[in-house]
file protein_38.csv (CSV, C-alpha atoms)
chain,number,residue,atom,x,y,z
A,332,MET,CA,-11.2,14.7,25.2
A,333,GLU,CA,-14.4,13.6,23.3
A,334,ASN,CA,-12.6,14.5,20.1
A,335,LEU,CA,-9.7,12.2,21.0
A,336,ILE,CA,-12.1,9.3,21.8
A,337,SER,CA,-13.9,9.8,18.5
A,338,ILE,CA,-10.5,9.8,16.6
A,339,PHE,CA,-9.5,6.6,18.4
A,340,LEU,CA,-12.7,4.7,17.7
A,341,ASN,CA,-12.9,6.0,14.2
A,342,SER,CA,-9.3,4.8,13.4
A,343,VAL,CA,-10.0,1.4,15.0
A,344,PHE,CA,-13.3,0.6,13.4
A,345,VAL,CA,-14.8,2.9,10.7
A,346,GLY,CA,-11.6,4.1,9.2
A,347,ASN,CA,-9.6,0.9,9.8
A,348,ILE,CA,-6.3,1.4,8.2
A,349,LEU,CA,-6.4,-2.0,6.6
A,350,LEU,CA,-10.0,-2.6,5.8
A,351,ALA,CA,-11.0,0.9,4.7
A,352,TYR,CA,-7.7,2.2,3.3
A,353,PHE,CA,-6.1,-1.1,2.2
A,354,LEU,CA,-2.8,-0.3,3.9
A,355,GLY,CA,-0.4,-3.0,5.2
A,356,MET,CA,-1.9,-5.7,3.0
A,357,CYS,CA,1.4,-7.4,2.0
A,358,SER,CA,2.3,-8.5,5.5
A,359,PHE,CA,-1.4,-9.0,6.4
A,360,VAL,CA,-1.7,-11.7,3.7
A,361,ALA,CA,1.6,-13.3,4.3
A,362,ILE,CA,1.6,-13.4,8.2
A,363,SER,CA,-2.1,-14.1,8.9
A,364,LYS,CA,-1.5,-17.8,8.2
A,365,ASN,CA,-0.3,-18.2,11.8
A,366,MET,CA,-2.0,-17.0,14.9
A,367,GLU,CA,1.0,-16.5,17.2
A,368,THR,CA,3.0,-14.5,14.6
A,369,SER,CA,0.0,-12.4,13.8
A,370,ILE,CA,-0.4,-11.4,17.4
A,371,GLY,CA,3.3,-10.7,17.6
A,372,LEU,CA,3.4,-8.5,14.5
A,373,GLY,CA,0.2,-6.8,15.5
A,374,PHE,CA,1.6,-5.6,18.8
A,375,ALA,CA,4.8,-4.6,17.1
A,376,VAL,CA,2.8,-2.4,14.7
A,377,VAL,CA,0.9,-0.8,17.5
A,378,PHE,CA,4.2,-0.1,19.3
A,379,VAL,CA,6.0,1.4,16.3
A,380,LEU,CA,3.0,3.4,15.2
A,381,SER,CA,2.5,5.0,18.6
A,382,ILE,CA,6.1,6.2,18.5
A,383,THR,CA,6.5,7.2,14.8
A,384,ALA,CA,3.2,9.1,14.5
A,385,PRO,CA,4.0,11.7,17.2
A,386,VAL,CA,7.7,11.9,16.2
A,387,ASN,CA,6.9,12.5,12.6
A,388,TRP,CA,4.3,15.1,13.8
A,389,LEU,CA,7.1,17.0,15.7
A,390,ILE,CA,9.4,16.9,12.7
A,391,TYR,CA,6.8,17.9,10.2
A,392,THR,CA,5.4,20.8,12.3
A,393,TYR,CA,8.8,22.2,13.5
A,394,LEU,CA,11.0,21.6,10.4
A,395,LEU,CA,9.1,20.8,7.2
A,396,SER,CA,5.7,22.5,7.0
A,397,PRO,CA,5.4,25.8,5.2
A,398,GLY,CA,6.8,28.6,7.4
A,399,ALA,CA,7.9,26.1,10.1
A,400,LEU,CA,11.5,27.3,10.0
A,401,ALA,CA,10.5,30.8,11.2
A,402,TRP,CA,12.2,30.1,14.5
A,403,VAL,CA,15.6,30.1,12.7
A,404,GLY,CA,14.7,33.2,10.7
A,405,LEU,CA,13.6,31.6,7.5
A,406,PRO,CA,9.8,32.2,7.4
A,407,THR,CA,9.4,31.7,3.7
A,408,VAL,CA,11.0,28.3,3.4
A,409,ASP,CA,8.6,25.4,2.6
A,410,LEU,CA,10.2,22.0,2.9
A,411,SER,CA,7.0,20.0,2.9
A,412,TYR,CA,7.9,18.2,-0.4
A,413,LEU,CA,10.6,16.4,1.6
A,414,LYS,CA,8.1,14.7,3.9
A,415,PHE,CA,8.2,11.4,2.1
A,416,ILE,CA,11.9,10.9,2.4
A,417,THR,CA,12.0,12.3,5.9
A,418,PHE,CA,9.2,10.1,7.2
A,419,ILE,CA,10.6,6.9,5.8
A,420,ALA,CA,14.0,7.7,7.2
A,421,VAL,CA,12.5,8.5,10.6
A,422,ILE,CA,10.5,5.2,10.5
A,423,ALA,CA,13.6,3.2,9.5
A,424,ALA,CA,15.6,4.8,12.3
A,425,MET,CA,12.9,4.4,14.9
A,426,VAL,CA,12.4,0.8,14.1
A,427,GLN,CA,16.1,0.2,14.4
A,428,ALA,CA,16.2,2.1,17.7
A,429,VAL,CA,13.2,0.3,19.1
A,430,GLU,CA,14.8,-3.0,18.1
A,431,MET,CA,17.9,-2.1,20.1
A,432,VAL,CA,16.0,-0.9,23.1
A,433,ILE,CA,13.9,-4.0,23.3
A,434,ASP,CA,16.9,-6.2,22.8
A,435,ARG,CA,18.6,-4.4,25.8
A,436,PHE,CA,15.7,-4.4,28.2
A,437,SER,CA,13.5,-7.3,27.4
A,438,PRO,CA,15.1,-10.2,25.5
A,439,ALA,CA,11.9,-12.2,25.8
A,440,LEU,CA,9.9,-9.6,23.9
A,441,TYR,CA,12.8,-9.2,21.5
A,442,ASN,CA,12.7,-12.9,20.7
A,443,ALA,CA,8.9,-12.7,20.2
A,444,LEU,CA,9.0,-9.7,17.9
A,445,GLY,CA,12.5,-9.9,16.6
A,446,VAL,CA,11.9,-11.1,13.1
A,447,PHE,CA,9.0,-8.8,12.5
A,448,LEU,CA,10.5,-5.5,13.5
A,449,PRO,CA,12.7,-5.0,10.3
A,450,LEU,CA,9.7,-5.9,8.2
A,451,ILE,CA,7.7,-3.1,9.7
A,452,THR,CA,9.8,-0.4,8.0
A,453,VAL,CA,8.2,-1.3,4.7
A,454,ASN,CA,4.7,-1.8,6.1
A,455,CYS,CA,2.5,0.7,4.2
A,456,ALA,CA,0.3,1.2,7.3
A,457,ILE,CA,3.2,2.9,9.2
A,458,LEU,CA,4.0,5.4,6.5
A,459,GLY,CA,0.3,5.8,5.6
A,460,THR,CA,-0.6,6.8,9.1
A,461,SER,CA,2.1,9.5,9.1
A,462,LEU,CA,0.9,10.8,5.8
A,463,PHE,CA,-2.8,10.8,6.8
A,464,MET,CA,-1.9,12.6,9.9
A,465,VAL,CA,-0.4,15.4,7.9
A,466,GLU,CA,-3.3,15.5,5.4
A,467,ARG,CA,-5.9,15.7,8.2
A,468,GLU,CA,-3.9,18.4,10.1
A,469,TYR,CA,-4.1,16.7,13.5
A,470,THR,CA,-2.6,18.2,16.6
A,471,PHE,CA,0.1,16.5,18.6
A,472,MET,CA,-2.3,14.7,21.0
A,473,GLU,CA,-4.6,13.8,18.1
A,474,SER,CA,-1.7,12.3,16.1
A,475,LEU,CA,-0.6,10.2,19.1
A,476,VAL,CA,-4.1,8.9,19.6
A,477,PHE,CA,-4.5,8.3,15.8
A,478,GLY,CA,-1.2,6.4,15.8
A,479,ILE,CA,-2.3,4.1,18.6
A,480,GLY,CA,-5.8,3.7,17.1
A,481,SER,CA,-4.5,2.8,13.7
A,482,GLY,CA,-2.2,0.2,15.2
A,483,THR,CA,-5.0,-1.3,17.3
A,484,GLY,CA,-7.2,-1.4,14.2
A,485,TRP,CA,-4.5,-3.3,12.3
A,486,LEU,CA,-3.9,-5.7,15.2
A,487,LEU,CA,-7.7,-6.4,15.4
A,488,ALA,CA,-7.9,-7.0,11.7
A,489,ILE,CA,-4.9,-9.4,11.4
A,490,VAL,CA,-5.8,-11.4,14.6
A,491,SER,CA,-9.4,-11.9,13.4
A,492,MET,CA,-8.1,-12.9,10.0
A,493,ALA,CA,-5.7,-15.4,11.5
A,494,ALA,CA,-8.6,-16.8,13.5
A,495,ILE,CA,-10.8,-17.1,10.4
A,496,ARG,CA,-8.0,-18.8,8.4
A,497,ILE,CA,-7.7,-21.5,11.1
A,498,LYS,CA,-11.4,-22.3,10.5
A,499,LEU,CA,-10.9,-22.0,6.7
A,500,ARG,CA,-8.7,-25.1,6.8
A,501,TYR,CA,-11.7,-27.2,7.3
A,502,ALA,CA,-13.8,-25.5,4.6
A,503,ASP,CA,-14.2,-26.8,1.2
A,504,VAL,CA,-12.9,-24.0,-0.9
A,505,PRO,CA,-12.9,-24.2,-4.8
A,506,GLU,CA,-9.5,-25.2,-6.1
A,507,GLY,CA,-8.7,-22.0,-8.0
A,508,LEU,CA,-9.8,-19.8,-5.1
A,509,GLN,CA,-7.6,-21.4,-2.4
A,510,GLY,CA,-4.9,-19.3,-0.8
A,511,PHE,CA,-4.8,-15.7,-1.9
A,512,GLY,CA,-8.2,-15.6,-3.6
A,513,ILE,CA,-10.3,-16.7,-0.6
A,514,THR,CA,-8.2,-14.5,1.7
A,515,MET,CA,-9.1,-11.5,-0.3
A,516,ILE,CA,-12.8,-12.4,-0.3
A,517,VAL,CA,-12.9,-13.0,3.4
A,518,THR,CA,-11.1,-9.7,4.0
A,519,GLY,CA,-13.9,-8.1,1.9
A,520,LEU,CA,-16.6,-9.7,4.1
A,521,MET,CA,-14.7,-8.6,7.2
A,522,ALA,CA,-14.5,-5.0,5.8
A,523,MET,CA,-18.2,-5.1,5.3
A,524,GLY,CA,-18.7,-6.1,8.9
A,525,PHE,CA,-16.5,-3.2,10.1
A,526,MET,CA,-18.4,-0.8,8.0
A,527,LEU,CA,-21.5,-1.4,10.2
A,528,PHE,CA,-19.7,0.7,12.9
A,529,SER,CA,-20.1,3.8,10.7
A,530,GLY,CA,-23.7,3.9,11.9
A,531,ILE,CA,-22.6,4.8,15.4
A,532,THR,CA,-22.3,8.5,16.1
A,533,LEU,CA,-20.6,9.8,19.2
B,1029,MET,CA,16.5,-12.4,-34.3
B,1030,LYS,CA,12.9,-11.9,-33.7
B,1031,LEU,CA,11.8,-9.2,-31.3
B,1032,THR,CA,9.9,-11.7,-29.1
B,1033,LYS,CA,13.0,-13.7,-28.6
B,1034,THR,CA,15.3,-11.0,-27.2
B,1035,ASP,CA,16.1,-10.9,-23.5
B,1036,HIS,CA,14.8,-7.4,-23.2
B,1037,TYR,CA,11.4,-8.4,-24.5
B,1038,LYS,CA,11.3,-11.3,-22.1
B,1039,ALA,CA,12.2,-9.1,-19.2
B,1040,PHE,CA,9.2,-7.0,-20.1
B,1041,SER,CA,6.6,-9.7,-20.9
B,1042,VAL,CA,7.3,-12.3,-18.1
B,1043,PRO,CA,6.2,-10.0,-15.2
B,1044,LEU,CA,3.3,-8.7,-17.3
B,1045,LEU,CA,1.7,-12.1,-17.9
B,1046,GLN,CA,3.2,-15.2,-16.2
B,1047,GLU,CA,4.5,-13.5,-13.1
B,1048,ASN,CA,2.1,-10.7,-12.6
B,1049,PRO,CA,3.2,-8.9,-9.4
B,1050,ILE,CA,-0.3,-8.5,-7.9
B,1051,SER,CA,-2.3,-11.5,-8.9
B,1052,ILE,CA,0.4,-14.2,-8.9
B,1053,GLN,CA,3.1,-12.9,-6.5
B,1054,MET,CA,0.6,-10.9,-4.3
B,1055,LEU,CA,2.9,-8.0,-3.9
B,1056,GLY,CA,2.0,-4.3,-3.8
B,1057,ILE,CA,-1.7,-4.6,-3.1
B,1058,CYS,CA,-1.3,-2.1,-0.3
B,1059,SER,CA,-1.6,1.0,-2.3
B,1060,ALA,CA,-3.4,-0.5,-5.2
B,1061,LEU,CA,-7.0,-0.9,-4.2
B,1062,ALA,CA,-7.9,2.4,-2.7
B,1063,VAL,CA,-7.5,4.2,-6.0
B,1064,THR,CA,-9.7,1.9,-8.1
B,1065,VAL,CA,-13.0,3.6,-7.6
B,1066,GLN,CA,-12.5,5.4,-10.9
B,1067,MET,CA,-10.5,4.4,-14.0
B,1068,LYS,CA,-8.9,7.8,-14.2
B,1069,THR,CA,-7.1,7.6,-10.8
B,1070,ALA,CA,-6.2,4.0,-11.5
B,1071,ILE,CA,-4.5,4.9,-14.8
B,1072,VAL,CA,-2.6,7.8,-13.2
B,1073,MET,CA,-1.6,5.6,-10.3
B,1074,GLY,CA,-0.4,2.9,-12.7
B,1075,LEU,CA,1.6,5.3,-14.7
B,1076,SER,CA,3.3,6.8,-11.6
B,1077,LEU,CA,4.2,3.4,-10.3
B,1078,THR,CA,5.6,2.3,-13.7
B,1079,PHE,CA,7.7,5.5,-13.8
B,1080,VAL,CA,9.1,5.1,-10.3
B,1081,LEU,CA,9.7,1.3,-10.7
B,1082,SER,CA,11.5,1.5,-14.1
B,1083,PHE,CA,13.7,4.4,-13.1
B,1084,SER,CA,14.5,3.0,-9.7
B,1085,ASN,CA,15.4,-0.3,-11.3
B,1086,LEU,CA,17.6,1.6,-13.8
B,1087,THR,CA,19.3,3.7,-11.2
B,1088,ILE,CA,19.9,0.9,-8.7
B,1089,SER,CA,21.2,-1.4,-11.5
B,1090,LEU,CA,23.7,1.4,-12.6
B,1091,MET,CA,24.9,1.6,-9.1
B,1092,ARG,CA,24.8,-2.1,-8.3
B,1093,ASN,CA,28.6,-2.6,-8.3
B,1094,VAL,CA,29.3,0.3,-6.0
B,1095,ILE,CA,26.6,-0.1,-3.3
B,1096,PRO,CA,28.1,-1.8,-0.2
B,1097,ARG,CA,26.1,-4.9,0.6
B,1098,ASN,CA,25.0,-4.0,4.2
B,1099,ILE,CA,23.6,-0.6,3.6
B,1100,ARG,CA,21.9,-1.4,0.3
B,1101,MET,CA,18.4,-1.1,1.8
B,1102,ILE,CA,18.9,2.5,2.8
B,1103,VAL,CA,20.4,3.3,-0.6
B,1104,GLU,CA,17.4,1.7,-2.3
B,1105,LEU,CA,14.9,3.5,-0.1
B,1106,SER,CA,16.5,6.8,-0.8
B,1107,VAL,CA,16.5,6.3,-4.6
B,1108,ILE,CA,12.9,5.2,-4.5
B,1109,ALA,CA,11.8,8.0,-2.2
B,1110,SER,CA,13.5,10.7,-4.4
B,1111,LEU,CA,11.7,9.3,-7.5
B,1112,VAL,CA,8.4,9.3,-5.7
B,1113,ILE,CA,8.9,13.0,-4.7
B,1114,VAL,CA,9.6,13.7,-8.4
B,1115,ALA,CA,6.4,11.9,-9.5
B,1116,ASP,CA,4.4,13.6,-6.8
B,1117,GLU,CA,5.6,17.1,-7.8
B,1118,ILE,CA,4.9,16.4,-11.5
B,1119,LEU,CA,1.3,15.3,-10.6
B,1120,ARG,CA,0.8,18.3,-8.4
B,1121,ALA,CA,2.0,20.6,-11.2
B,1122,PHE,CA,0.0,19.1,-14.1
B,1123,LEU,CA,-2.8,17.0,-12.8
B,1124,TYR,CA,-3.7,18.8,-9.6
B,1125,ASP,CA,-7.3,17.4,-9.2
B,1126,ILE,CA,-6.2,13.8,-9.6
B,1127,SER,CA,-3.3,14.3,-7.3
B,1128,LYS,CA,-5.8,15.5,-4.7
B,1129,GLN,CA,-7.9,12.4,-5.2
B,1130,LEU,CA,-4.9,10.1,-5.0
B,1131,SER,CA,-4.0,11.9,-1.7
B,1132,VAL,CA,-1.4,9.9,0.2
B,1133,PHE,CA,-1.3,6.9,-2.1
B,1134,VAL,CA,1.3,8.3,-4.4
B,1135,GLY,CA,3.6,8.7,-1.4
B,1136,LEU,CA,2.9,5.2,-0.4
B,1137,ILE,CA,4.6,3.9,-3.6
B,1138,ILE,CA,7.7,4.2,-1.4
B,1139,THR,CA,6.6,1.3,0.7
B,1140,ASN,CA,5.1,-0.6,-2.2
B,1141,CYS,CA,6.6,-4.1,-2.0
B,1142,ILE,CA,6.9,-4.4,-5.8
B,1143,VAL,CA,9.4,-1.5,-6.0
B,1144,MET,CA,11.6,-2.7,-3.2
B,1145,GLY,CA,11.2,-6.3,-4.3
B,1146,ARG,CA,12.3,-5.8,-7.8
B,1147,ALA,CA,15.2,-3.6,-6.7
B,1148,GLU,CA,16.4,-6.4,-4.4
B,1149,THR,CA,15.8,-9.4,-6.6
B,1150,TYR,CA,16.3,-8.1,-10.1
B,1151,ALA,CA,18.1,-4.8,-10.4
B,1152,LEU,CA,21.0,-5.8,-8.1
B,1153,GLY,CA,21.9,-8.7,-10.4
B,1154,HIS,CA,21.1,-7.5,-14.0
B,1155,THR,CA,22.3,-5.0,-16.5
B,1156,PRO,CA,20.6,-1.5,-16.6
B,1157,GLY,CA,18.8,-2.2,-19.9
B,1158,LEU,CA,17.2,-5.4,-18.7
B,1159,SER,CA,16.4,-3.9,-15.3
B,1160,PHE,CA,14.6,-1.0,-17.0
B,1161,MET,CA,12.5,-3.4,-19.1
B,1162,ASP,CA,11.7,-5.5,-16.0
B,1163,GLY,CA,10.5,-2.3,-14.3
B,1164,LEU,CA,8.3,-1.4,-17.2
B,1165,GLY,CA,6.9,-5.0,-17.4
B,1166,ASN,CA,6.1,-5.1,-13.7
B,1167,GLY,CA,4.6,-1.6,-13.8
B,1168,ALA,CA,2.4,-2.7,-16.7
B,1169,GLY,CA,1.4,-5.9,-14.9
B,1170,TYR,CA,0.4,-3.9,-11.8
B,1171,SER,CA,-1.4,-1.3,-13.9
B,1172,SER,CA,-3.4,-3.9,-15.8
B,1173,VAL,CA,-4.8,-5.4,-12.6
B,1174,LEU,CA,-5.5,-2.0,-11.2
B,1175,ILE,CA,-7.3,-0.9,-14.4
B,1176,SER,CA,-9.4,-4.0,-14.6
B,1177,VAL,CA,-10.6,-3.6,-11.0
B,1178,ALA,CA,-11.3,0.0,-11.6
B,1179,PHE,CA,-13.2,-0.8,-14.9
B,1180,ILE,CA,-15.5,-3.1,-13.0
B,1181,ARG,CA,-16.0,-0.8,-10.1
B,1182,GLU,CA,-16.6,2.3,-12.1
B,1183,LEU,CA,-18.9,0.6,-14.6
B,1184,LEU,CA,-21.1,-1.2,-12.1
B,1185,GLY,CA,-20.8,1.4,-9.3
B,1186,SER,CA,-21.6,4.6,-11.2
B,1187,GLY,CA,-22.4,3.5,-14.7
B,1188,LYS,CA,-19.5,5.5,-16.1
B,1189,LEU,CA,-16.1,4.9,-17.7
B,1190,LEU,CA,-13.4,7.5,-17.4
B,1191,GLY,CA,-16.0,9.9,-16.2
B,1192,TYR,CA,-18.4,9.5,-19.2
B,1193,GLN,CA,-21.8,8.0,-18.8
B,1194,VAL,CA,-21.9,4.6,-20.7
B,1195,ILE,CA,-25.0,3.0,-19.3
B,1196,PRO,CA,-27.8,4.7,-21.3
B,1197,THR,CA,-30.5,6.6,-19.4
B,1198,MET,CA,-33.0,4.3,-20.9
B,1199,ALA,CA,-31.7,1.5,-18.8
B,1200,TYR,CA,-32.3,3.6,-15.6
B,1201,ASP,CA,-35.9,4.3,-16.8
B,1202,LEU,CA,-36.4,0.6,-17.1
B,1203,GLY,CA,-35.4,0.2,-13.4
B,1204,TYR,CA,-31.6,-0.4,-13.6
B,1205,GLU,CA,-29.8,0.9,-10.6
B,1206,ASN,CA,-26.1,1.5,-9.9
B,1207,MET,CA,-24.6,-0.8,-7.4
B,1208,GLY,CA,-23.5,1.5,-4.7
B,1209,PHE,CA,-21.7,-1.4,-3.0
B,1210,MET,CA,-19.0,-1.3,-5.8
B,1211,LEU,CA,-17.9,2.1,-4.6
B,1212,LEU,CA,-17.2,0.9,-1.1
B,1213,ALA,CA,-13.9,-0.7,0.1
B,1214,PRO,CA,-15.1,-4.3,0.5
B,1215,ALA,CA,-16.0,-4.5,-3.2
B,1216,ALA,CA,-12.3,-4.0,-4.1
B,1217,PHE,CA,-11.3,-7.0,-2.0
B,1218,ILE,CA,-13.9,-9.2,-3.4
B,1219,ILE,CA,-13.3,-8.3,-7.0
B,1220,ILE,CA,-9.6,-8.9,-6.7
B,1221,GLY,CA,-10.3,-12.3,-5.1
B,1222,LEU,CA,-12.6,-13.2,-8.0
B,1223,LEU,CA,-10.0,-12.0,-10.6
B,1224,VAL,CA,-7.4,-14.2,-9.0
B,1225,TRP,CA,-9.8,-17.1,-9.2
B,1226,LEU,CA,-10.4,-16.3,-12.9
B,1227,GLN,CA,-6.7,-16.2,-13.6
B,1228,ASN,CA,-6.0,-19.4,-11.7
B,1229,TRP,CA,-8.7,-21.1,-13.6
B,1230,LEU,CA,-7.5,-19.9,-17.0
B,1231,THR,CA,-3.9,-20.8,-16.4
B,1232,HIS,CA,-4.8,-24.1,-14.8
B,1233,ASP,CA,-6.8,-25.2,-17.9
B,1234,ARG,CA,-3.9,-24.9,-20.3
call {"tool": "encode", "arguments": {"input": "protein_38.csv", "output": "structure tokens"}}
result
Amino acid sequence: MENLISIFLNSVFVGNILLAYFLGMCSFVAISKNMETSIGLGFAVVFVLSITAPVNWLIYTYLLSPGALAWVGLPTVDLSYLKFITFIAVIAAMVQAVEMVIDRFSPALYNALGVFLPLITVNCAILGTSLFMVEREYTFMESLVFGIGSGTGWLLAIVSMAAIRIKLRYADVPEGLQGFGITMIVTGLMAMGFMLFSGITL
Amino acid sequence: MKLTKTDHYKAFSVPLLQENPISIQMLGICSALAVTVQMKTAIVMGLSLTFVLSFSNLTISLMRNVIPRNIRMIVELSVIASLVIVADEILRAFLYDISKQLSVFVGLIITNCIVMGRAETYALGHTPGLSFMDGLGNGAGYSSVLISVAFIRELLGSGKLLGYQVIPTMAYDLGYENMGFMLLAPAAFIIIGLLVWLQNWLTHDR
């Protein structure tokens, strides 16, 4: 249990998927202009990550990893090189499925998230989380917690960025630095802030 | 006709200079910054992306008349993912150490917005030759930003370039110290912000 808590806190703060590993930058820069859409996209990412990470774990462990096919009598087969294409296919399929389920059961949520769900397929943070999960050899529970934690970290980062950008409108930024330049520098400062959490040991 | 006037040359040079994918269009930074602690990994990453991008552009452009409109995303993703697998296997076979350092970031080329973006906006509407050059140009533009960030970070952060010590030991004796900050993640964000500023300032002046 302690292990799970530490994975969660680590993926939210110290190893923040966006601020420490630079994943999901494209949509981060584009979407953080607006507070409401940032919150919407952030929750969509948490949602999709908490589904895709465990699903990809199951697929990797029981179909792709070296020796995983022993249960059908093929103990020497190693399909792990197929993980990229499988993961991205799973993510695309899951996003599509999630979209349909939400549309069926909660039209209000669908309207709020609608536009962002397709975008999530090509969000590096989603694929990145699945790949990190394989590289760090997490168990099923750990990968579930890691998925939720990474998503929460991303949500936290994009919402704080959107809040900062509202204040930035009143700031006197040098001409050449406006827009993308200042966004990157502010992200850098935010990343520095998040690094302070690395002093906390559990 | 002079070389610099041909369409192929233009397809190569425009994305490299005027429309640099990272600093002007702000695409593909996702996987870019984490590999810029050292020049070596940045160069390998740049080469892998250029390889994937130019061949995915070529393949998609060859198939552009037979891909049905509504499933084109899936087709593009599978072309890109297959090329990334090839690149990853090549790196593992010949540059094992570097491929360990790049860890998941080679795989993340799949979701790099540049690759998908060029396939969508360029390769679907142009001939294979032009698309290939466009891929090379965008790859070179991406690599040039990556390598400049890595140059600054490695030089200031560890006093080395490509793994060789360039700041003389004399400087250390006189009290010079490496900036450890440059090796941390926030430095990459700040350097890229400053580079964009520099580029805006240079292009604005003309």
call {"tool": "residues_around", "arguments": {"input": "protein_38.csv", "residues": "B:Val1103", "least_positions_apart": "3", "cutoff": "12 Å", "atoms": "only C-alpha atoms", "output": "PyMOL selection string"}}
result
(chain A and resi 416+420) or (chain B and resi 1084+1087-1089+1091-1092+1094-1100+1106-1110+1144+1147-1148+1152)
call {"tool": "interface_residues", "arguments": {"input": "protein_38.csv", "of": "chain A", "to": "chain B", "cutoff": "10 Å", "atoms": "only C-alpha atoms", "output": "PyMOL selection string"}}
result
chain A and resi 349-361+412-420+423+452-463+465-466+505-526
call {"tool": "residues_around", "arguments": {"input": "protein_38.csv", "residues": "B:Phe1083", "least_positions_apart": "5", "cutoff": "8 Å", "atoms": "all atoms listed in the file", "output": "list in words"}}
result
Leu1111, Phe1160 and Gly1163 of chain B
call {"tool": "closest_residue", "arguments": {"input": "protein_38.csv", "among": "B:Leu1130, B:Leu1202, B:Ala1039, B:Ile1195", "to": "B:Asp1162", "atoms": "all atoms listed in the file"}}
result
B:Ala1039
call {"tool": "atom_distance", "arguments": {"input": "protein_38.csv", "atom1": "atom CA of B:Gly1169", "atom2": "atom CA of B:Asn1048"}}
result
5.4 Å
call {"tool": "atom_distance", "arguments": {"input": "protein_38.csv", "atom1": "atom CA of B:Leu1081", "atom2": "atom CA of B:Asn1166"}}
result
7.9 Å
call {"tool": "atom_distance", "arguments": {"input": "protein_38.csv", "atom1": "atom CA of A:Ile433", "atom2": "atom CA of A:Ala493"}}
result
25.6 Å
call {"tool": "residues_around", "arguments": {"input": "protein_38.csv", "residues": "A:Trp485", "least_positions_apart": "5", "cutoff": "8 Å", "atoms": "all atoms listed in the file", "output": "compact mmCIF listing (two decimals) with C-alpha atoms, keeping the file's coordinate frame"}}
result
# COMPACT_ATOMS: atom_id res chain seq x y z
CA VAL A 343 -10.00 1.40 15.00
CA ASN A 347 -9.60 0.90 9.80
CA ILE A 348 -6.30 1.40 8.20
CA LEU A 349 -6.40 -2.00 6.60
CA GLY A 373 0.20 -6.80 15.50
CA VAL A 376 2.80 -2.40 14.70
CA VAL A 377 0.90 -0.80 17.50
call {"tool": "residues_around", "arguments": {"input": "protein_38.csv", "residues": "stretch 1173-1183 of chain B", "least_positions_apart": "2", "cutoff": "7 Å", "atoms": "only C-alpha atoms", "output": "ChimeraX atom specification"}}
result
/B:1060,1064-1067,1070-1071,1169-1171,1185-1189,1210-1211,1219-1220
call {"tool": "residues_near_point", "arguments": {"input": "protein_38.csv", "point": "(7.9, 19.8, 10.4)", "cutoff": "12 Å", "atoms": "only C-alpha atoms", "output": "mmCIF file with C-alpha atoms, in the frame of the given file"}}
result
data_model
loop_
_atom_site.group_PDB
_atom_site.id
_atom_site.type_symbol
_atom_site.label_atom_id
_atom_site.label_comp_id
_atom_site.auth_asym_id
_atom_site.auth_seq_id
_atom_site.Cartn_x
_atom_site.Cartn_y
_atom_site.Cartn_z
ATOM 1 C CA PRO A 385 4.000 11.700 17.200
ATOM 2 C CA VAL A 386 7.700 11.900 16.200
ATOM 3 C CA ASN A 387 6.900 12.500 12.600
ATOM 4 C CA TRP A 388 4.300 15.100 13.800
ATOM 5 C CA LEU A 389 7.100 17.000 15.700
ATOM 6 C CA ILE A 390 9.400 16.900 12.700
ATOM 7 C CA TYR A 391 6.800 17.900 10.200
ATOM 8 C CA THR A 392 5.400 20.800 12.300
ATOM 9 C CA TYR A 393 8.800 22.200 13.500
ATOM 10 C CA LEU A 394 11.000 21.600 10.400
ATOM 11 C CA LEU A 395 9.100 20.800 7.200
ATOM 12 C CA SER A 396 5.700 22.500 7.000
ATOM 13 C CA PRO A 397 5.400 25.800 5.200
ATOM 14 C CA GLY A 398 6.800 28.600 7.400
ATOM 15 C CA ALA A 399 7.900 26.100 10.100
ATOM 16 C CA LEU A 400 11.500 27.300 10.000
ATOM 17 C CA ALA A 401 10.500 30.800 11.200
ATOM 18 C CA TRP A 402 12.200 30.100 14.500
ATOM 19 C CA VAL A 408 11.000 28.300 3.400
ATOM 20 C CA ASP A 409 8.600 25.400 2.600
ATOM 21 C CA LEU A 410 10.200 22.000 2.900
ATOM 22 C CA SER A 411 7.000 20.000 2.900
ATOM 23 C CA TYR A 412 7.900 18.200 -0.400
ATOM 24 C CA LEU A 413 10.600 16.400 1.600
ATOM 25 C CA LYS A 414 8.100 14.700 3.900
ATOM 26 C CA PHE A 415 8.200 11.400 2.100
ATOM 27 C CA THR A 417 12.000 12.300 5.900
ATOM 28 C CA PHE A 418 9.200 10.100 7.200
ATOM 29 C CA SER A 461 2.100 9.500 9.100
ATOM 30 C CA VAL A 465 -0.400 15.400 7.900
ATOM 31 C CA GLU A 468 -3.900 18.400 10.100
ATOM 32 C CA PHE A 471 0.100 16.500 18.600
#
